[in-house]
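Raw work.txt, compact mmCIF, C-alpha atoms and all ligand atoms:
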# COMPACT_ATOMS: atom_id res chain seq x y z
CA MET A 1 0.00 0.00 0.00
CA ASN A 2 2.66 2.57 1.02
CA ASN A 3 4.21 2.53 -2.44
CA TYR A 4 4.67 5.71 -4.48
CA ASP A 5 6.38 6.80 -7.70
CA VAL A 6 7.69 9.89 -5.93
CA VAL A 7 7.94 11.17 -2.35
CA VAL A 8 8.04 14.96 -1.89
CA ILE A 9 9.49 16.16 1.43
CA GLY A 10 8.06 19.55 2.45
CA ALA A 11 4.65 21.13 1.80
CA GLY A 12 5.71 24.76 1.26
CA VAL A 13 5.32 26.56 -2.07
CA ILE A 14 8.14 24.50 -3.58
CA GLY A 15 6.99 21.07 -2.36
CA THR A 16 3.32 21.66 -3.23
CA SER A 17 4.26 22.95 -6.70
CA CYS A 18 6.47 19.87 -7.29
CA ALA A 19 3.68 17.56 -6.06
CA TYR A 20 1.09 19.24 -8.32
CA HIS A 21 3.30 19.12 -11.43
CA LEU A 22 4.36 15.50 -10.79
CA VAL A 23 0.72 14.38 -10.54
CA GLU A 24 -0.06 16.35 -13.72
CA LYS A 25 2.52 14.09 -15.42
CA GLY A 26 0.58 11.03 -14.28
CA LEU A 27 2.70 10.00 -11.28
CA LYS A 28 1.52 8.68 -7.90
CA VAL A 29 2.94 11.03 -5.28
CA ALA A 30 3.15 11.21 -1.47
CA MET A 31 3.89 14.61 0.12
CA PHE A 32 5.14 14.79 3.72
CA ASP A 33 5.35 17.68 6.14
CA PHE A 34 6.07 17.57 9.87
CA GLY A 35 3.62 20.46 10.27
CA ASP A 36 0.60 21.36 8.19
CA ILE A 37 0.53 22.64 4.59
CA ALA A 38 2.63 25.88 4.44
CA ASN A 39 4.12 25.18 7.86
CA GLY A 40 7.48 26.82 7.13
CA THR A 41 8.70 29.96 5.34
CA SER A 42 5.82 29.89 2.84
CA SER A 43 3.47 31.24 5.53
CA HIS A 44 6.05 33.65 7.05
CA CYS A 45 6.86 35.86 4.07
CA ASP A 46 5.70 38.62 1.73
CA ALA A 47 3.54 37.98 -1.27
CA ALA A 48 5.23 39.17 -4.44
CA ALA A 49 6.30 37.49 -7.68
CA MET A 50 8.77 39.93 -9.24
CA ILE A 51 11.32 40.42 -12.01
CA THR A 52 12.91 43.49 -10.46
CA ASP A 53 14.35 41.71 -7.44
CA LYS A 54 16.32 39.28 -9.62
CA MET A 55 19.72 39.53 -11.26
CA PRO A 56 19.74 39.57 -15.08
CA GLY A 57 20.44 36.09 -16.47
CA PRO A 58 19.19 32.79 -15.04
CA ASP A 59 17.76 34.45 -11.92
CA ALA A 60 15.44 36.78 -13.87
CA ALA A 61 14.71 34.08 -16.48
CA LEU A 62 13.31 31.72 -13.83
CA GLY A 63 11.28 34.54 -12.24
CA TYR A 64 9.86 35.68 -15.59
CA ALA A 65 8.95 32.17 -16.77
CA SER A 66 7.23 31.59 -13.41
CA ILE A 67 5.14 34.76 -13.74
CA GLN A 68 3.95 33.60 -17.18
CA LYS A 69 3.03 30.29 -15.59
CA PHE A 70 1.26 32.00 -12.66
CA LEU A 71 -0.99 33.82 -15.14
CA LYS A 72 -2.05 30.46 -16.62
CA LEU A 73 -2.35 28.75 -13.21
CA SER A 74 -4.69 31.45 -11.92
CA GLU A 75 -7.10 30.39 -14.71
CA LYS A 76 -6.49 26.67 -14.30
CA LEU A 77 -6.48 26.01 -10.55
CA ASP A 78 -9.90 25.82 -8.86
CA TYR A 79 -8.71 27.43 -5.62
CA ASP A 80 -8.18 31.23 -5.92
CA PHE A 81 -4.68 32.21 -4.75
CA GLY A 82 -5.26 35.93 -5.26
CA LEU A 83 -2.96 36.66 -8.20
CA ILE A 84 -2.94 40.34 -9.25
CA GLN A 85 -0.51 41.71 -11.86
CA ARG A 86 -0.24 45.22 -10.52
CA GLY A 87 3.43 46.05 -11.20
CA SER A 88 6.10 47.13 -8.74
CA LEU A 89 7.97 50.32 -7.90
CA TYR A 90 11.55 50.74 -6.66
CA LEU A 91 12.77 53.89 -4.90
CA CYS A 92 16.26 55.35 -5.09
CA GLU A 93 17.38 57.54 -2.23
CA THR A 94 20.56 59.04 -3.70
CA ASP A 95 22.11 59.90 -7.07
CA GLU A 96 24.61 57.07 -6.52
CA GLU A 97 21.70 54.60 -6.24
CA MET A 98 20.11 56.12 -9.38
CA GLU A 99 23.30 55.44 -11.30
CA ILE A 100 23.62 51.82 -10.13
CA ALA A 101 19.88 51.29 -10.74
CA SER A 102 20.00 52.62 -14.31
CA GLY A 103 22.78 50.13 -15.16
CA TYR A 104 20.70 47.32 -13.65
CA ILE A 105 17.55 48.38 -15.56
CA SER A 106 19.44 48.64 -18.82
CA ASP A 107 20.72 45.05 -18.33
CA LEU A 108 17.16 43.79 -17.69
CA GLN A 109 15.88 45.71 -20.74
CA LYS A 110 18.54 44.06 -22.92
CA GLU A 111 17.02 40.71 -21.89
CA GLY A 112 13.59 41.93 -23.04
CA TYR A 113 11.81 42.63 -19.73
CA ARG A 114 9.28 45.47 -19.42
CA VAL A 115 11.14 47.62 -16.89
CA ARG A 116 11.95 51.33 -16.98
CA MET A 117 13.36 54.19 -14.93
CA MET A 118 10.82 56.55 -13.40
CA ASN A 119 11.10 60.20 -12.39
CA GLN A 120 9.85 61.78 -9.18
CA GLN A 121 6.63 63.10 -10.72
CA GLU A 122 5.59 59.74 -12.19
CA MET A 123 6.37 58.05 -8.87
CA ALA A 124 4.15 60.55 -7.04
CA GLU A 125 1.31 59.76 -9.47
CA LYS A 126 1.67 56.06 -8.68
CA GLU A 127 2.03 56.62 -4.94
CA PRO A 128 0.69 59.96 -3.61
CA PHE A 129 1.86 59.29 -0.02
CA LEU A 130 5.51 58.84 -1.04
CA ALA A 131 8.22 61.14 0.42
CA LYS A 132 8.76 64.09 -1.94
CA ASP A 133 12.57 64.29 -1.84
CA LEU A 134 13.49 61.10 -3.75
CA PRO A 135 15.47 61.52 -7.00
CA GLY A 136 13.57 58.74 -8.83
CA GLY A 137 13.33 55.01 -9.17
CA PHE A 138 12.17 52.29 -11.55
CA TRP A 139 9.02 50.47 -12.48
CA SER A 140 7.99 47.12 -13.92
CA ASP A 141 4.57 46.10 -15.25
CA GLU A 142 5.47 42.42 -15.01
CA CYS A 143 5.39 41.98 -11.24
CA CYS A 144 2.47 40.35 -9.39
CA GLY A 145 1.04 40.03 -5.91
CA LEU A 146 -0.53 36.80 -4.64
CA ASN A 147 -1.29 34.94 -1.42
CA PRO A 148 1.50 32.37 -0.86
CA TYR A 149 -0.40 30.52 1.85
CA LYS A 150 -3.38 30.06 -0.48
CA LEU A 151 -1.01 29.11 -3.31
CA CYS A 152 0.18 26.07 -1.30
CA PHE A 153 -3.44 25.00 -0.84
CA ALA A 154 -4.29 25.72 -4.50
CA PHE A 155 -1.55 23.34 -5.72
CA THR A 156 -2.43 20.70 -3.12
CA GLU A 157 -6.23 20.74 -3.42
CA GLN A 158 -6.10 20.48 -7.20
CA VAL A 159 -4.54 17.01 -7.14
CA LYS A 160 -5.20 15.67 -3.61
CA GLY A 161 -6.82 12.23 -3.85
CA LYS A 162 -6.29 12.26 -7.64
CA GLY A 163 -2.70 11.01 -7.55
CA LEU A 164 -1.46 12.90 -4.50
CA ASP A 165 -1.65 11.60 -0.92
CA VAL A 166 -0.86 14.25 1.69
CA TYR A 167 0.76 13.24 4.99
CA THR A 168 0.83 16.27 7.29
CA HIS A 169 2.24 16.04 10.84
CA THR A 170 4.51 13.31 9.48
CA ARG A 171 8.24 13.72 9.85
CA VAL A 172 10.69 12.13 7.40
CA GLU A 173 13.40 10.53 9.55
CA ALA A 174 15.52 8.54 7.09
CA ILE A 175 15.97 7.79 3.41
CA GLY A 176 16.98 4.26 2.44
CA LEU A 177 19.15 3.32 -0.54
CA ASP A 178 19.64 -0.09 -2.16
CA GLU A 179 23.08 -1.65 -2.79
CA LYS A 180 23.48 0.39 -6.04
CA LYS A 181 22.71 3.64 -4.15
CA ASN A 182 19.28 3.95 -5.78
CA ILE A 183 16.48 5.45 -3.68
CA SER A 184 14.51 2.61 -2.11
CA TYR A 185 12.33 3.91 0.74
CA VAL A 186 11.57 6.77 3.12
CA ASP A 187 11.10 6.19 6.86
CA THR A 188 8.75 8.50 8.75
CA ASN A 189 7.29 8.61 12.24
CA GLN A 190 4.20 7.03 10.60
CA GLY A 191 6.11 4.12 9.08
CA ARG A 192 7.98 3.13 5.92
CA PHE A 193 7.02 4.29 2.39
CA ARG A 194 8.54 2.61 -0.68
CA THR A 195 9.55 4.80 -3.62
CA LYS A 196 12.19 5.12 -6.34
CA SER A 197 12.27 8.92 -6.31
CA VAL A 198 12.51 11.56 -3.58
CA VAL A 199 12.28 15.35 -3.99
CA ASN A 200 13.95 17.29 -1.18
CA ALA A 201 11.81 20.46 -0.97
CA ALA A 202 12.43 21.07 2.72
CA GLY A 203 13.55 24.73 2.47
CA CYS A 204 15.70 25.72 5.46
CA TRP A 205 15.63 22.08 6.61
CA SER A 206 16.93 20.74 3.27
CA PRO A 207 20.51 20.29 4.62
CA GLU A 208 19.07 17.96 7.30
CA ILE A 209 17.30 15.89 4.61
CA GLY A 210 20.52 15.96 2.55
CA ARG A 211 22.47 14.44 5.45
CA MET A 212 20.13 11.42 5.38
CA THR A 213 21.86 10.34 2.15
CA GLY A 214 25.27 11.89 2.84
CA VAL A 215 24.61 14.87 0.54
CA LYS A 216 25.85 18.28 1.71
CA ILE A 217 23.47 21.13 0.81
CA PRO A 218 24.87 24.60 1.60
CA VAL A 219 21.55 26.26 2.53
CA ALA A 220 21.59 28.76 5.42
CA SER A 221 18.62 30.42 7.18
CA ARG A 222 18.38 34.15 6.45
CA LYS A 223 15.77 35.69 8.70
CA GLY A 224 13.37 38.53 7.84
CA ASN A 225 10.91 40.48 10.01
CA ILE A 226 7.59 41.90 8.72
CA MET A 227 5.03 44.23 10.33
CA ILE A 228 1.29 44.33 9.53
CA SER A 229 -0.78 47.49 9.90
CA GLU A 230 -4.30 47.95 11.10
CA ALA A 231 -6.97 48.41 8.42
CA THR A 232 -6.43 51.92 7.14
CA THR A 233 -6.78 54.19 4.12
CA GLN A 234 -5.05 52.82 0.99
CA ILE A 235 -1.43 53.78 1.61
CA CYS A 236 0.19 52.06 -1.38
CA HIS A 237 -1.12 50.44 -4.55
CA GLN A 238 1.50 47.80 -5.38
CA LYS A 239 4.76 46.43 -4.06
CA VAL A 240 7.13 49.34 -3.36
CA GLN A 241 10.66 48.90 -2.10
CA GLU A 242 13.87 50.85 -1.80
CA PHE A 243 16.75 50.03 -4.15
CA GLY A 244 18.76 49.36 -1.00
CA TYR A 245 16.87 46.03 -0.91
CA MET A 246 18.89 44.86 -3.92
CA ILE A 247 22.13 46.19 -2.43
CA LEU A 248 21.44 44.17 0.70
CA LYS A 249 20.18 41.01 -0.96
CA PHE A 250 23.19 40.69 -3.26
CA GLY A 251 25.77 42.22 -0.94
CA SER A 252 26.93 45.27 -2.96
CA LYS A 253 29.49 47.58 -1.37
CA ALA A 254 27.38 50.79 -1.79
CA GLU A 255 27.41 52.93 1.31
CA ARG A 256 24.51 52.57 3.82
CA ASP A 257 23.60 53.75 7.32
CA PRO A 258 25.40 51.42 9.83
CA GLU A 259 22.11 50.72 11.69
CA LEU A 260 20.55 49.45 8.45
CA VAL A 261 23.63 47.37 7.70
CA LYS A 262 23.74 45.89 11.23
CA HIS A 263 20.17 44.58 10.99
CA GLY A 264 20.11 44.07 7.23
CA VAL A 265 17.14 46.42 6.93
CA ALA A 266 15.75 47.65 3.59
CA PHE A 267 12.28 49.11 3.23
CA THR A 268 9.49 47.16 1.49
CA ILE A 269 5.74 47.74 1.56
CA GLU A 270 2.83 46.00 -0.11
CA PRO A 271 -0.94 46.21 0.21
CA SER A 272 -2.99 43.21 1.26
CA ASN A 273 -5.23 42.03 -1.58
CA GLU A 274 -8.13 44.05 -0.25
CA GLY A 275 -5.83 47.09 0.03
CA HIS A 276 -6.80 47.97 3.63
CA ASN A 277 -3.72 46.67 5.47
CA VAL A 278 -0.07 47.00 4.54
CA LEU A 279 2.83 44.60 5.09
CA VAL A 280 6.03 46.48 5.88
CA GLY A 281 9.50 44.95 5.96
CA SER A 282 12.13 43.81 5.99
CA SER A 283 15.44 42.56 7.33
CA ARG A 284 18.13 40.00 6.47
CA ASN A 285 20.23 38.25 9.08
CA PHE A 286 21.77 34.80 9.22
CA VAL A 287 20.46 32.72 12.15
CA ASP A 288 20.04 29.17 13.35
CA TYR A 289 16.44 28.64 12.24
CA ASN A 290 14.11 30.65 14.50
CA VAL A 291 11.06 32.77 13.74
CA ASP A 292 10.85 34.92 16.88
CA THR A 293 10.36 38.59 16.00
CA ASP A 294 13.18 40.98 16.98
CA LEU A 295 11.94 44.19 18.61
CA GLU A 296 15.07 46.21 17.85
CA VAL A 297 14.93 45.18 14.18
CA ILE A 298 11.22 46.08 14.02
CA ARG A 299 12.10 49.54 15.40
CA VAL A 300 14.65 50.09 12.63
CA ILE A 301 12.19 48.84 9.98
CA ALA A 302 9.51 51.25 11.30
CA LYS A 303 11.92 54.20 11.23
CA ARG A 304 12.95 53.35 7.67
CA ALA A 305 9.31 52.99 6.58
CA ILE A 306 8.45 56.49 7.84
CA ARG A 307 11.40 57.87 5.87
CA PHE A 308 9.79 56.70 2.59
CA PHE A 309 6.08 56.95 3.52
CA PRO A 310 5.80 59.68 6.21
CA ILE A 311 2.06 58.92 6.59
CA LEU A 312 3.02 55.64 8.32
CA LYS A 313 3.93 57.65 11.42
CA SER A 314 0.20 57.91 12.15
CA VAL A 315 -0.69 54.27 11.37
CA ASN A 316 -0.91 51.57 14.05
CA PHE A 317 0.79 48.24 13.45
CA VAL A 318 -1.08 45.34 14.99
CA ARG A 319 1.22 42.38 14.45
CA ALA A 320 4.72 41.34 13.42
CA TYR A 321 6.15 38.02 12.31
CA ALA A 322 9.42 36.61 11.04
CA GLY A 323 10.44 33.90 8.60
CA CYS A 324 13.69 32.32 7.44
CA ARG A 325 14.70 32.40 3.80
CA PRO A 326 16.54 29.30 2.50
CA PHE A 327 19.70 31.10 1.35
CA MET A 328 22.04 29.66 -1.29
CA PRO A 329 25.54 31.22 -1.38
CA ASP A 330 25.53 31.91 -5.15
CA HIS A 331 21.98 33.38 -5.10
CA LEU A 332 20.42 30.74 -7.36
CA PRO A 333 18.22 27.85 -6.28
CA VAL A 334 19.06 24.20 -6.83
CA ILE A 335 16.52 22.46 -9.08
CA SER A 336 18.34 19.30 -9.95
CA PRO A 337 18.90 15.57 -9.76
CA VAL A 338 21.82 14.37 -7.59
CA GLU A 339 24.09 12.44 -9.95
CA GLU A 340 25.53 10.07 -7.31
CA ILE A 341 22.12 8.97 -6.03
CA PRO A 342 19.71 7.95 -8.80
CA GLY A 343 16.17 8.99 -7.91
CA LEU A 344 17.18 11.84 -5.59
CA TYR A 345 16.16 15.40 -6.60
CA ILE A 346 16.71 18.73 -4.86
CA ALA A 347 14.41 21.78 -5.11
CA THR A 348 15.61 24.32 -2.59
CA GLY A 349 17.67 27.44 -1.86
CA HIS A 350 15.24 30.00 -3.33
CA GLU A 351 16.06 32.55 -0.57
CA GLY A 352 13.72 35.55 -1.01
CA ASP A 353 12.28 34.26 -4.30
CA GLY A 354 10.60 30.95 -3.51
CA ILE A 355 7.09 32.30 -4.07
CA SER A 356 8.14 33.92 -7.38
CA MET A 357 9.89 30.81 -8.62
CA ALA A 358 7.56 28.06 -7.38
CA PRO A 359 5.68 27.38 -10.66
CA MET A 360 8.75 26.75 -12.84
CA THR A 361 10.56 24.88 -10.06
CA GLY A 362 7.70 22.37 -9.90
CA GLU A 363 7.47 22.11 -13.67
CA LEU A 364 11.23 21.52 -14.09
CA ILE A 365 11.37 18.89 -11.34
CA ALA A 366 8.42 17.04 -12.93
CA GLU A 367 10.20 17.11 -16.31
CA MET A 368 13.41 15.80 -14.75
CA VAL A 369 11.70 12.97 -12.84
CA THR A 370 9.81 11.83 -15.97
CA GLY A 371 12.93 12.08 -18.18
CA GLN A 372 11.50 14.84 -20.40
CA LYS A 373 13.60 17.60 -21.93
CA PRO A 374 13.47 20.53 -19.47
CA SER A 375 11.49 23.48 -20.84
CA MET A 376 14.35 25.88 -20.05
CA ASP A 377 18.12 25.68 -19.59
CA VAL A 378 18.63 24.04 -16.18
CA ALA A 379 22.45 24.08 -16.04
CA PRO A 380 22.52 27.27 -13.86
CA TYR A 381 20.32 25.51 -11.24
CA SER A 382 22.25 22.23 -11.18
CA PHE A 383 23.46 20.75 -7.90
CA SER A 384 26.81 19.88 -9.46
CA ARG A 385 27.68 23.60 -9.95
CA LEU A 386 28.05 23.90 -6.16
CA LYS A 387 30.33 20.92 -5.64
CA ASP A 388 33.81 22.41 -5.63
CA ARG A 389 32.76 25.83 -4.39
CA PHE A 390 30.44 25.29 -1.45
CA CYS A 391 30.04 21.55 -0.67
C1 LIG A 401 10.30 37.97 5.36
C2 LIG A 401 10.26 37.18 4.08
C3 LIG A 401 9.68 37.75 2.94
C4 LIG A 401 9.64 37.03 1.74
N1 LIG A 401 9.02 37.56 0.65
C5 LIG A 401 8.99 36.90 -0.52
C6 LIG A 401 8.34 37.45 -1.66
O1 LIG A 401 7.72 38.52 -1.63
N2 LIG A 401 8.41 36.74 -2.83
C7 LIG A 401 9.06 35.56 -2.93
O2 LIG A 401 9.14 35.00 -4.01
N3 LIG A 401 9.64 34.98 -1.83
C8 LIG A 401 9.62 35.63 -0.65
N4 LIG A 401 10.23 35.08 0.44
C9 LIG A 401 10.91 33.80 0.29
C10 LIG A 401 9.93 32.63 0.27
O3 LIG A 401 9.02 32.78 1.34
C11 LIG A 401 10.71 31.31 0.39
O4 LIG A 401 11.71 31.26 -0.61
C12 LIG A 401 9.77 30.13 0.20
O5 LIG A 401 8.67 30.21 1.07
C13 LIG A 401 10.53 28.82 0.46
O6 LIG A 401 9.61 27.78 0.23
P1 LIG A 401 10.01 26.27 0.50
O7 LIG A 401 8.84 25.47 0.07
O8 LIG A 401 11.34 26.00 -0.10
O9 LIG A 401 10.25 26.19 2.08
P2 LIG A 401 9.17 26.09 3.27
O10 LIG A 401 7.96 26.88 3.00
O11 LIG A 401 9.91 26.38 4.52
O12 LIG A 401 8.75 24.57 3.23
C14 LIG A 401 9.60 23.52 3.69
C15 LIG A 401 8.72 22.55 4.44
O13 LIG A 401 9.49 21.39 4.73
C16 LIG A 401 8.96 20.84 5.92
N5 LIG A 401 9.95 19.90 6.45
C17 LIG A 401 11.23 20.16 6.79
N6 LIG A 401 11.84 19.05 7.24
C18 LIG A 401 10.94 18.05 7.17
C19 LIG A 401 10.97 16.66 7.52
N7 LIG A 401 12.08 16.07 8.02
N8 LIG A 401 9.84 15.94 7.33
C20 LIG A 401 8.70 16.51 6.86
N9 LIG A 401 8.64 17.81 6.52
C21 LIG A 401 9.73 18.57 6.68
C22 LIG A 401 8.72 22.06 6.81
O14 LIG A 401 7.78 21.83 7.81
C23 LIG A 401 8.23 23.09 5.78
O15 LIG A 401 6.81 23.20 5.75
C24 LIG A 401 10.23 35.75 1.67
C25 LIG A 401 10.76 35.16 2.82
C26 LIG A 401 10.77 35.87 4.02
C27 LIG A 401 11.34 35.23 5.24

Please rewrite the model in this file as structure tokens.
Amino acid sequence: MNNYDVVVIGAGVIGTSCAYHLVEKGLKVAMFDFGDIANGTSSHCDAAAMITDKMPGPDAALGYASIQKFLKLSEKLDYDFGLIQRGSLYLCETDEEMEIASGYISDLQKEGYRVRMMNQQEMAEKEPFLAKDLPGGFWSDECCGLNPYKLCFAFTEQVKGKGLDVYTHTRVEAIGLDEKKNISYVDTNQGRFRTKSVVNAAGCWSPEIGRMTGVKIPVASRKGNIMISEATTQICHQKVQEFGYMILKFGSKAERDPELVKHGVAFTIEPSNEGHNVLVGSSRNFVDYNVDTDLEVIRVIAKRAIRFFPILKSVNFVRAYAGCRPFMPDHLPVISPVEEIPGLYIATGHEGDGISMAPMTGELIAEMVTGQKPSMDVAPYSFSRLKDRFC
């Protein structure tokens, strides 16, 4: 009875997308999570699928292809995950940032993405509550908002009982190999499940799953704090963030206030789907996985938020939460088979882009497991690229 074509470990955006796409290819799939659906980072994050937070090249390519897939999935999946293509706005604070940003935008434009620089007046038309002293920024029509928590359920509900069995509150404890090092079974606290293929989609816990087969996965937990406002007047109309977010995410040497650097703070804001509450972030710090909020970091985020949207000084914030991003040292996820262990696949390390990249990650894993030609170049996401550098 406990016999499956594929076992997916983890029911976040990545695991649920893999499970959905594998069932779509006709496979019998079991998905395990030691919590509920969306137990981990996928319910402790923001809600944007963007081009303009990716580096030109394979990073942006995966984000763009996923947005195209999101647009189709929002028609196809029965469960509404709240997709809205409302664009996104970046803010530059200094002329130095404007210069770096215009180089970045020109690189994205060369790859064909709809992105452009924006002057102060256009920004004020998009966002009337914005601070008036900013030199400019950039805009993209491509970017979307969605509800990541609902997305996990949308993938799961579409195929549950039709090829997918879901085992929540079930912890994977070991992975068994046969004498030729092929995948043979998965042991859980609910018993043994036979399978020839395993997808490790365990996010920040993926190194722990890797160790079960002696595979070193260099994922680290990079924490971020978010604040949620009370219901209020519509403060912003799409995702807005400071260009300093990119400087922080990719570790550029551009000068920043030491307090921001210490806590890895860069301003982001987005409206809830109904537009009445705003989510304000964020921070980046390496931690041993923990999702306690940090009061001092929240203070710095609040101060930064008021700098860009002075109106926020008079808005109450009712809640804060934190999540851990599964960080990969070269800023690209791993979506890949593991050559040494036939039947083992890894889908992890999406850092701050797991929501954005979930659709194509699931599609590519399903193509790999079924031996089909991947629908885009997967070499940049291979596990083998990490071997000599980080493993
Ligand atoms: C503050 C913040 C803001 C963010 N904003 C955005 C954004 O706007 N856009 C975007 O694209 N991304 C964003 N991200 C990143 C995004 O949330 C993550 O990249 C994504 O959620 C990772 O998904 P995952 O499925 O890999 O991991 P997770 O959602 O963590 O799922 C892994 C699952 O594996 C399970 N698991 C682990 N070990 C086991 C085991 N042994 N047995 C069974 N189950 C196990 C866990 O319970 C967990 O549910 C943000 C992240 C943070 C922290």

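Take the candidates A:Arg194, A:Lys150, A:His237, A:Lys216 and check each one against Asp388 (chain A) using all atoms listed in the file; the shortest distance goes to A:Lys216.
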
Find the distance between CA of Ala379 (chain A) and CA of Gly210 (chain A) and write it in Å to one decimal.
20.4 Å

Nearest candidate to Phe267 (chain A) (options A:Glu127, A:Met368, A:Cys92, A:Pro135; using all atoms listed in the file):
A:Cys92

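Considering the residues A:Gln109, A:Thr188, A:Asn2, A:Asn39 and counting all atoms listed in the file, ligand LIG 401 (chain A) has its shortest atom-to-atom contact with A:Asn39.
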
Could you list, as a short mmCIF file (atom, residue, chain, number, x, y, z; two decimals) with C-alpha atoms, keeping the file's coordinate frame, every residue within 12 Å of Pro128 (chain A), counting only C-alpha atoms and ignoring same-chain residues fewer than 2 positions away?
data_model
loop_
_atom_site.label_atom_id
_atom_site.label_comp_id
_atom_site.auth_asym_id
_atom_site.auth_seq_id
_atom_site.Cartn_x
_atom_site.Cartn_y
_atom_site.Cartn_z
CA GLN A 120 9.85 61.78 -9.18
CA GLN A 121 6.63 63.10 -10.72
CA GLU A 122 5.59 59.74 -12.19
CA MET A 123 6.37 58.05 -8.87
CA ALA A 124 4.15 60.55 -7.04
CA GLU A 125 1.31 59.76 -9.47
CA LYS A 126 1.67 56.06 -8.68
CA LEU A 130 5.51 58.84 -1.04
CA ALA A 131 8.22 61.14 0.42
CA LYS A 132 8.76 64.09 -1.94
CA GLN A 234 -5.05 52.82 0.99
CA ILE A 235 -1.43 53.78 1.61
CA CYS A 236 0.19 52.06 -1.38
CA HIS A 237 -1.12 50.44 -4.55
CA PHE A 308 9.79 56.70 2.59
CA PHE A 309 6.08 56.95 3.52
CA PRO A 310 5.80 59.68 6.21
CA ILE A 311 2.06 58.92 6.59
#

Straight-line distance linking CA of Gln85 (chain A) with CA of Leu71 (chain A), stated in Å to one decimal:
8.6 Å

Would you kindly return, as a list in words, each protein, DNA or RNA residue with an atom no farther than 9 Å from any atom of Ala201 (chain A), considering only C-alpha atoms and excluding same-chain residues fewer than 3 positions away?
Val8, Ile9, Gly10, Ala11, Gly12, Val13, Ile14, Gly15, Thr16, Cys18, Trp205, Ser206, Tyr345, Ile346, Ala347 and Thr348 of chain A

Based on the selection just made, write C-alpha atoms of those residues as a tab-separated table (two decimals), in the coordinates of the input.
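Result file is part-v2.tsv:
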chain	number	residue	atom	x	y	z
A	8	VAL	CA	8.04	14.96	-1.89
A	9	ILE	CA	9.49	16.16	1.43
A	10	GLY	CA	8.06	19.55	2.45
A	11	ALA	CA	4.65	21.13	1.80
A	12	GLY	CA	5.71	24.76	1.26
A	13	VAL	CA	5.32	26.56	-2.07
A	14	ILE	CA	8.14	24.50	-3.58
A	15	GLY	CA	6.99	21.07	-2.36
A	16	THR	CA	3.32	21.66	-3.23
A	18	CYS	CA	6.47	19.87	-7.29
A	205	TRP	CA	15.63	22.08	6.61
A	206	SER	CA	16.93	20.74	3.27
A	345	TYR	CA	16.16	15.40	-6.60
A	346	ILE	CA	16.71	18.73	-4.86
A	347	ALA	CA	14.41	21.78	-5.11
A	348	THR	CA	15.61	24.32	-2.59

Using only the atoms of region 261-273 of chain A listed in the file, plus 4 Å on each side, state the axis-aligned box centre and edge lengths in Å rounded to one decimal, as AutoDock Vina command-line options.
--center_x 9.3 --center_y 45.6 --center_z 4.8 --size_x 37.0 --size_y 15.1 --size_z 20.8

Could I get region 23-34 of chain A rebuilt with N, CA and C atoms, written as a compact mmCIF listing (two decimals), in the coordinates of the input?
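Final file, result_10.txt:
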# COMPACT_ATOMS: atom_id res chain seq x y z
N VAL A 23 2.01 15.06 -10.32
CA VAL A 23 0.72 14.38 -10.54
C VAL A 23 0.20 14.71 -11.94
N GLU A 24 0.37 15.95 -12.36
CA GLU A 24 -0.06 16.35 -13.72
C GLU A 24 0.62 15.48 -14.79
N LYS A 25 1.80 14.96 -14.45
CA LYS A 25 2.52 14.09 -15.42
C LYS A 25 2.10 12.63 -15.26
N GLY A 26 1.12 12.39 -14.41
CA GLY A 26 0.58 11.03 -14.28
C GLY A 26 1.23 10.18 -13.20
N LEU A 27 2.01 10.78 -12.31
CA LEU A 27 2.70 10.00 -11.28
C LEU A 27 1.90 9.93 -9.99
N LYS A 28 2.16 8.85 -9.22
CA LYS A 28 1.52 8.68 -7.90
C LYS A 28 2.50 9.25 -6.85
N VAL A 29 2.03 10.24 -6.12
CA VAL A 29 2.94 11.03 -5.28
C VAL A 29 2.46 11.06 -3.83
N ALA A 30 3.43 10.95 -2.90
CA ALA A 30 3.15 11.21 -1.47
C ALA A 30 3.90 12.47 -1.08
N MET A 31 3.22 13.39 -0.36
CA MET A 31 3.89 14.61 0.12
C MET A 31 3.84 14.62 1.64
N PHE A 32 5.03 14.81 2.26
CA PHE A 32 5.14 14.79 3.72
C PHE A 32 5.50 16.17 4.26
N ASP A 33 4.89 16.50 5.40
CA ASP A 33 5.35 17.68 6.14
C ASP A 33 5.20 17.41 7.63
N PHE A 34 6.19 17.82 8.41
CA PHE A 34 6.07 17.57 9.87
C PHE A 34 5.09 18.53 10.53
